[in-house]
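What follows is one structure encoded as structure tokens, with my remarks underneath.
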Amino acid sequence: MMKSFDPVAFGVFIALFLLVTVLGFFAARWRKGDLTQLSEWGLGGRRFGSVVTWFLLGGDLYTAYTFVAVPALMFGAGAVGFFAVPYAAIAYVFMFIAFPRLWSVARAKGYVTGADFVRGRFGSRSLALAVALTGIVATMPYIALQLVGMEVVLAGLGIHGEWPLIIAFVILAAYTYASGLRAPAMIAVVKDVLIYATVIAAVIVIPGELGGYAKIFAAVPAKSLILSADPFNNPGQFSYASLALGSALALFLYPHAATGVMSASSRHVVKRNAVALPAYSLVLGLVALLGFMALAAGVKAMPQYADGFKTFGNNYAVPALFLEMFPGWFVGVAFAAIAIGALVPAAIMSIACANLFTRNIYREFFRPECSPREESQVAKIVSLVVKLGALIFILEGQSKTAIELQLLGGIWIIQTLPSLMLGLYTRWLHHRALLIGWMAGMLAGTWMAAQSGFKASVYVLHFAGMTIPCYAALSSLVLNIAVSVVLSLLFNAFLAQRMDATAAEDYA
Amino acid sequence: MDGGKRGGLRLIHLLLLLPFVAMLWLPFYNKRLPDLDGIPFFYWYQILWVALTATILYVVYVAEGRE
């Protein structure tokens, strides 16, 4: 039996969707700037204050896919899925420490992307190209996953087929083209209000209906309620900690996170946001528990959700839970929250990719003399191409590949840490050593993920007679840093250094 | 950690190590009890540490501003 179509839920959903569409186009006039400049179109003129940045980064980092996949992992695997919570706390310590420096140097030197900074700091076109390509390749599957999140809630509303997805993405592409980063910044406010409302309602209403938290946790299989007592078990304590730390290190290396940071109006805005963004991580912790609530509600065994689980696997757990527990109109609100939650990061990610392509590939290698106007125009077109690519990918039924590529994306993006994050503190590392280290990390990390057929991101290391399950991003990063340091010793002794375009005071 | 003129690394920054220790050392919290209203320790401890991390960042931010 199919979940029947609910006109009330659908009506609320469409009304909210129309609201953000209007906002998206209206955003072009908000704090009006010359949108033919890349820093205006692609960074909102670096004028976003604390509150707007909080909504923008919150909307950017906590994506629709997060809200679907984290509870899905809890639903299927139990405690191990909760690593997203310490990850989403620790990441802000890194943001607080390092990223005000990135903001300052970007402002002082007019950098729009992380790769711009690497180019200036190390004077190496090839290293900047490596950083830019890594960013683009790691982000594209992430955009595709936002579509997966949207597909899941559309199916929950009883809407099937390709057209709804195509229409939603055409609208998204149009207002991103017209308004640039201002559009997702404005829409993020609506998205976050809806998400907060949904989550607060969920944690109040659902435990009441299920008979309290004790009953909910009793539905979780005993062996996956907490992690194994043996730290080296897989999954277990060591893999949990390495996933949390590795993911936290990777988060702000993603181009869409850097774009959010650079669009802030001052370095204090960046710091204040590191303090205030964990509010979203509290919500994420509650969202994760929705996976257990879905277990307790027993939605998987119900015939009306069988089709959804068959098509989307455990990703259908949260939509099924909402359909089971909420009245029709609130289902519309909750699903709109998730669908709009897909639009915001998809827009920012495509803008970030467009900035990287335009600055670090197009202008650097093909049109060094291009005008600011041309630069902005190219970025707008690239943002369309990137979204179109993601759409075709999902419509071709490649959701599984997108998930696997996104898993690899985390392993790849972390390899830019020595150039980007360590580069904010020192330029002792030689640009050639960094490039070789990057290559070593990329190869080793990809190889480790390949050993599981790209299904698992944890690779078991055999070391001094011990078997240690460790997040492949973290172990390959250690190799990357080791290679970068050792070769820097060598290269610094024998090879010339390049010019550093930045000075110590640019970072303060 | 602002480098340059504004103080740089100070004692207060050691506080920033606490979230790492508290959340990455699993033996601290990989247990069911004491539970909180039916929520096992494992879960409420980590959610609590999200709030504590924000508090620590706030304290460091305010302390940095006083230089």
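Scheme for the structure tokens: letters A, B, ... for chains in order shown; per-chain residue numbers from 1; ligand numbers from 1 in order shown.
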**Request:** With a cut-off of 6 Å and counting only C-alpha atoms, select all residues of chain A in contact with chain B and give the selection as a list of chain:residue names.
**Result:** A:Ala89, A:Tyr213, A:Ala214, A:Gln237, A:Ala241, A:Val275, A:Ala508
**Request:** May I have the residues within 9 Å of Ala128 (chain A) as an NGL selection string, using only C-alpha atoms and disregarding those fewer than 3 positions away in the same chain?
**Result:** :A and (114-120 or 122-125 or 131-133 or 360 or 419)
**Prompt:** If you count only C-alpha atoms, which residues fall within 7 Å of Ala473 (chain A), apart from same-chain ones fewer than 2 positions away, as a ChimeraX atom specification?
**Reply:** /A:246,410-411,414,445,471,475-477
For C-alpha atoms, I'd like the residues from the last selection saved as a PDB file, in the first residue's frame.
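Final output, saved to part-v3.pdb:
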ATOM      1  CA  GLY A 246      38.518  13.821  11.488  1.00  0.00           C
ATOM      2  CA  GLY A 410      35.529  14.010   3.419  1.00  0.00           C
ATOM      3  CA  ILE A 411      38.726  12.022   2.995  1.00  0.00           C
ATOM      4  CA  ILE A 414      40.992  17.008   4.713  1.00  0.00           C
ATOM      5  CA  GLY A 445      42.876   7.759   1.770  1.00  0.00           C
ATOM      6  CA  TYR A 471      38.682   7.089  10.096  1.00  0.00           C
ATOM      7  CA  SER A 475      45.118   8.326   9.118  1.00  0.00           C
ATOM      8  CA  SER A 476      45.752   9.624   5.590  1.00  0.00           C
ATOM      9  CA  LEU A 477      46.070  13.173   6.973  1.00  0.00           C
TER      10      LEU A 477
END
**Asked** Distance CA of Leu290 (chain A)-CA of Leu323 (chain A), one decimal place?
**Response**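 Computing it gives 12.9 Å between the two atoms.
Counting from CA of Leu38 (chain A), the distance to CA of Pro372 (chain A) is 6.8 Å.
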**Request:** Excluding Val270 (chain A) and residues on its chain fewer than 2 positions from it, collect all residues at most 9 Å away from it, counting only C-alpha atoms, and give them as a VMD selection string.
**Result:** chain A and resid 50 53 95 to 96 99 to 100 103 261 to 262 264 to 268 272 to 275
**Request:** Determine the nearest neighbour of Leu57 (chain A) from the options A:Ala188, A:Leu154, A:Ile14, A:Leu129, counting only C-alpha atoms.
**Result:**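 Counting only C-alpha atoms, the residue closest to Leu57 (chain A) is A:Ala188.
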**Prompt:** Hey, which of A:Pro184, A:Ile97, A:Glu162, A:Gly389 ends up closest to Leu14 (chain B)? Count only C-alpha atoms.
**Reply:** A:Ile97
Once DSSP has gone over the backbone, tell me which residues of region 365-479 of chain A are in strand (DSSP E or B), as a PDB file with N, CA and C atoms, in the first residue's frame.
ATOM      1  N   VAL A 458      35.920   3.904   7.716  1.00  0.00           N
ATOM      2  CA  VAL A 458      36.857   3.478   8.749  1.00  0.00           C
ATOM      3  C   VAL A 458      37.720   2.357   8.190  1.00  0.00           C
ATOM      4  N   TYR A 459      39.030   2.521   8.317  1.00  0.00           N
ATOM      5  CA  TYR A 459      39.959   1.507   7.836  1.00  0.00           C
ATOM      6  C   TYR A 459      40.767   0.971   9.017  1.00  0.00           C
ATOM      7  N   VAL A 460      40.908  -0.351   9.064  1.00  0.00           N
ATOM      8  CA  VAL A 460      41.601  -0.943  10.215  1.00  0.00           C
ATOM      9  C   VAL A 460      43.105  -0.943   9.958  1.00  0.00           C
ATOM     10  N   LEU A 461      43.830  -0.194  10.800  1.00  0.00           N
ATOM     11  CA  LEU A 461      45.286  -0.137  10.685  1.00  0.00           C
ATOM     12  C   LEU A 461      45.893  -1.269  11.504  1.00  0.00           C
ATOM     13  N   HIS A 462      46.937  -1.893  10.953  1.00  0.00           N
ATOM     14  CA  HIS A 462      47.667  -2.903  11.722  1.00  0.00           C
ATOM     15  C   HIS A 462      48.994  -2.287  12.104  1.00  0.00           C
ATOM     16  N   PHE A 463      49.174  -2.110  13.399  1.00  0.00           N
ATOM     17  CA  PHE A 463      50.299  -1.306  13.858  1.00  0.00           C
ATOM     18  C   PHE A 463      50.850  -1.906  15.140  1.00  0.00           C
ATOM     19  N   MET A 466      48.886  -4.363  16.935  1.00  0.00           N
ATOM     20  CA  MET A 466      47.522  -3.994  17.307  1.00  0.00           C
ATOM     21  C   MET A 466      46.704  -3.762  16.037  1.00  0.00           C
ATOM     22  N   THR A 467      45.401  -3.939  16.163  1.00  0.00           N
ATOM     23  CA  THR A 467      44.524  -3.567  15.062  1.00  0.00           C
ATOM     24  C   THR A 467      43.700  -2.369  15.508  1.00  0.00           C
ATOM     25  N   ILE A 468      43.883  -1.250  14.806  1.00  0.00           N
ATOM     26  CA  ILE A 468      43.231  -0.006  15.208  1.00  0.00           C
ATOM     27  C   ILE A 468      42.294   0.460  14.095  1.00  0.00           C
ATOM     28  N   PRO A 469      40.984   0.437  14.353  1.00  0.00           N
ATOM     29  CA  PRO A 469      40.075   0.992  13.351  1.00  0.00           C
ATOM     30  C   PRO A 469      40.083   2.509  13.429  1.00  0.00           C
ATOM     31  N   CYS A 470      40.404   3.167  12.314  1.00  0.00           N
ATOM     32  CA  CYS A 470      40.548   4.623  12.325  1.00  0.00           C
ATOM     33  C   CYS A 470      39.904   5.212  11.074  1.00  0.00           C
ATOM     34  N   TYR A 471      39.257   6.371  11.232  1.00  0.00           N
ATOM     35  CA  TYR A 471      38.682   7.089  10.096  1.00  0.00           C
ATOM     36  C   TYR A 471      39.792   7.351   9.069  1.00  0.00           C
TER      37      TYR A 471
END
**Asked** Counting only C-alpha atoms, what is within 6 Å of region 137-144 of chain A, bar same-chain residues fewer than 5 positions away, as a list of chain:residue names?
**Response**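 Selected residues are A:Ala346, A:Ala390, A:Ala402, A:Leu405, A:Gln406, A:Gly409.
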Write the residues of the preceding selection, restricted to C-alpha atoms, as a JSON list (two decimals), in the first residue's frame.
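What ended up in part_30.json:
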[["chain", "number", "residue", "atom", "x", "y", "z"],
["A", 346, "ALA", "CA", 22.92, 23.52, -2.42],
["A", 390, "ALA", "CA", 24.16, 17.24, -9.55],
["A", 402, "ALA", "CA", 26.77, 10.13, -4.72],
["A", 405, "LEU", "CA", 31.62, 9.98, -3.44],
["A", 406, "GLN", "CA", 30.54, 12.12, -0.50],
["A", 409, "GLY", "CA", 34.88, 13.79, -0.33]]
**Request:** May I ask for the distance between CA of Leu253 (chain A) and CA of Met442 (chain A), given in Å to one decimal place?
**Result:** 14.8 Å
